[in-house]
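Have a look at the structure below before the remarks.
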Amino acid sequence: FEDLVNLEVLELSFNYFSSITAEIFINLLNLKILNLNNNLIKFIDSMSFWNNSKLTILNLEHNKLKQLNELTFSRLSNLKSINLANNNLV
């Protein structure tokens, strides 16, 4: 996603992602809506969304998440909706 700096909506649902690394969304500075539902995500790096301060909607529903670092969403100051339903969070 290196050259997609103006991208505002990213639909990545129904894929086979198992983890979200720190650098995957780093250049998506204008991202507002991110759908990652219905994947196999077990791990999200705590720095994955650090450059995505414009993100308002994040959908992580129907994944395999068991735990999240307390810093994972800390820089998402404009976040209005996050869906973590149907995961294995404790």
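Labeling convention for the structure tokens: chains A, B, ... as they appear, residues from 1 per chain, ligands from 1 in order of appearance.
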
Q: Just list the residues in chain A DSSP gives strand (DSSP E) on the backbone, as a ChimeraX atom specification.
A: /A:9-11,19-20,33-35,43-44,57-59,81-83

Q. Contacts of region 71-87 of chain A at 9 Å or less, counting only C-alpha atoms, minus same-chain residues fewer than 2 places along, as a PyMOL selection string?
A. chain A and resi 32+37+44-66+68-69+89

Can you write just those residues out, N, CA and C atoms, as a CSV table (one decimal), in the first residue's frame?
chain,number,residue,atom,x,y,z
A,32,LYS,N,-9.7,6.3,6.4
A,32,LYS,CA,-10.8,6.6,7.3
A,32,LYS,C,-11.7,5.3,7.7
A,37,ASN,N,-12.8,-7.6,8.6
A,37,ASN,CA,-13.6,-8.7,9.2
A,37,ASN,C,-13.5,-10.0,8.4
A,44,ILE,N,-2.2,-8.6,16.2
A,44,ILE,CA,-2.1,-7.3,15.7
A,44,ILE,C,-0.9,-6.6,16.4
A,45,ASP,N,0.1,-6.2,15.7
A,45,ASP,CA,1.2,-5.5,16.2
A,45,ASP,C,0.7,-4.2,16.9
A,46,SER,N,1.2,-3.9,18.0
A,46,SER,CA,0.7,-2.7,18.7
A,46,SER,C,0.9,-1.4,18.0
A,47,MET,N,1.8,-1.4,17.0
A,47,MET,CA,2.1,-0.2,16.2
A,47,MET,C,1.4,-0.2,14.8
A,48,SER,N,0.6,-1.1,14.6
A,48,SER,CA,-0.1,-1.3,13.3
A,48,SER,C,-0.8,-0.1,12.8
A,49,PHE,N,-1.5,0.6,13.7
A,49,PHE,CA,-2.3,1.7,13.3
A,49,PHE,C,-1.8,3.1,13.7
A,50,TRP,N,-0.5,3.2,14.0
A,50,TRP,CA,0.1,4.4,14.6
A,50,TRP,C,0.0,5.6,13.6
A,51,ASN,N,0.0,5.4,12.3
A,51,ASN,CA,0.0,6.4,11.3
A,51,ASN,C,-1.4,6.7,10.8
A,52,ASN,N,-2.4,6.0,11.3
A,52,ASN,CA,-3.7,6.1,10.8
A,52,ASN,C,-4.7,6.9,11.7
A,53,SER,N,-4.2,8.1,12.1
A,53,SER,CA,-5.0,8.9,13.0
A,53,SER,C,-6.3,9.4,12.4
A,54,LYS,N,-6.5,9.3,11.1
A,54,LYS,CA,-7.8,9.7,10.5
A,54,LYS,C,-8.8,8.6,10.5
A,55,LEU,N,-8.5,7.4,10.9
A,55,LEU,CA,-9.3,6.3,10.9
A,55,LEU,C,-10.6,6.5,11.8
A,56,THR,N,-11.7,6.3,11.3
A,56,THR,CA,-13.0,6.5,12.0
A,56,THR,C,-13.7,5.2,12.2
A,57,ILE,N,-13.6,4.3,11.3
A,57,ILE,CA,-14.3,3.0,11.4
A,57,ILE,C,-13.3,1.9,11.2
A,58,LEU,N,-13.3,1.0,12.2
A,58,LEU,CA,-12.4,-0.2,12.1
A,58,LEU,C,-13.2,-1.4,12.4
A,59,ASN,N,-13.3,-2.4,11.5
A,59,ASN,CA,-14.0,-3.6,11.7
A,59,ASN,C,-13.1,-4.8,11.7
A,60,LEU,N,-13.0,-5.4,12.9
A,60,LEU,CA,-12.2,-6.6,13.1
A,60,LEU,C,-13.1,-7.8,13.5
A,61,GLU,N,-14.3,-7.7,13.2
A,61,GLU,CA,-15.3,-8.8,13.5
A,61,GLU,C,-15.0,-10.1,12.9
A,62,HIS,N,-15.3,-11.2,13.6
A,62,HIS,CA,-15.1,-12.5,13.0
A,62,HIS,C,-13.6,-12.8,12.7
A,63,ASN,N,-12.8,-12.7,13.6
A,63,ASN,CA,-11.4,-13.1,13.5
A,63,ASN,C,-11.0,-14.1,14.6
A,64,LYS,N,-9.7,-14.3,14.9
A,64,LYS,CA,-9.3,-15.2,15.9
A,64,LYS,C,-8.5,-14.5,17.0
A,65,LEU,N,-8.8,-13.2,17.2
A,65,LEU,CA,-8.0,-12.5,18.2
A,65,LEU,C,-8.3,-13.0,19.6
A,66,LYS,N,-7.2,-13.2,20.4
A,66,LYS,CA,-7.4,-13.6,21.8
A,66,LYS,C,-7.0,-12.5,22.8
A,68,LEU,N,-5.3,-8.2,22.9
A,68,LEU,CA,-4.8,-7.0,22.2
A,68,LEU,C,-3.9,-6.2,23.2
A,69,ASN,N,-2.9,-5.6,22.7
A,69,ASN,CA,-2.0,-4.7,23.5
A,69,ASN,C,-2.8,-3.5,23.8
A,89,LEU,N,-11.5,-12.8,22.4
A,89,LEU,CA,-10.9,-11.9,23.4
A,89,LEU,C,-11.3,-12.3,24.8

Q | Residue nearest Phe25 (chain A) - candidates A:Val90, A:Asn38, A:Phe43, A:Leu4, atoms counted: only C-alpha atoms | A | A:Leu4

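Interatomic distance, CA of Ile41 (chain A) to CA of Phe14 (chain A): 11.0 Å.
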
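One finds CA of Ser13 (chain A) at 19.4 Å from CA of Asn30 (chain A).
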
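Excluding Val9 (chain A) itself and any same-chain residue fewer than 5 positions from it, the protein and nucleic acid residues within 7 Å of it, counting only C-alpha atoms, are Leu31, Lys32, Ile33 and Leu34 of chain A.
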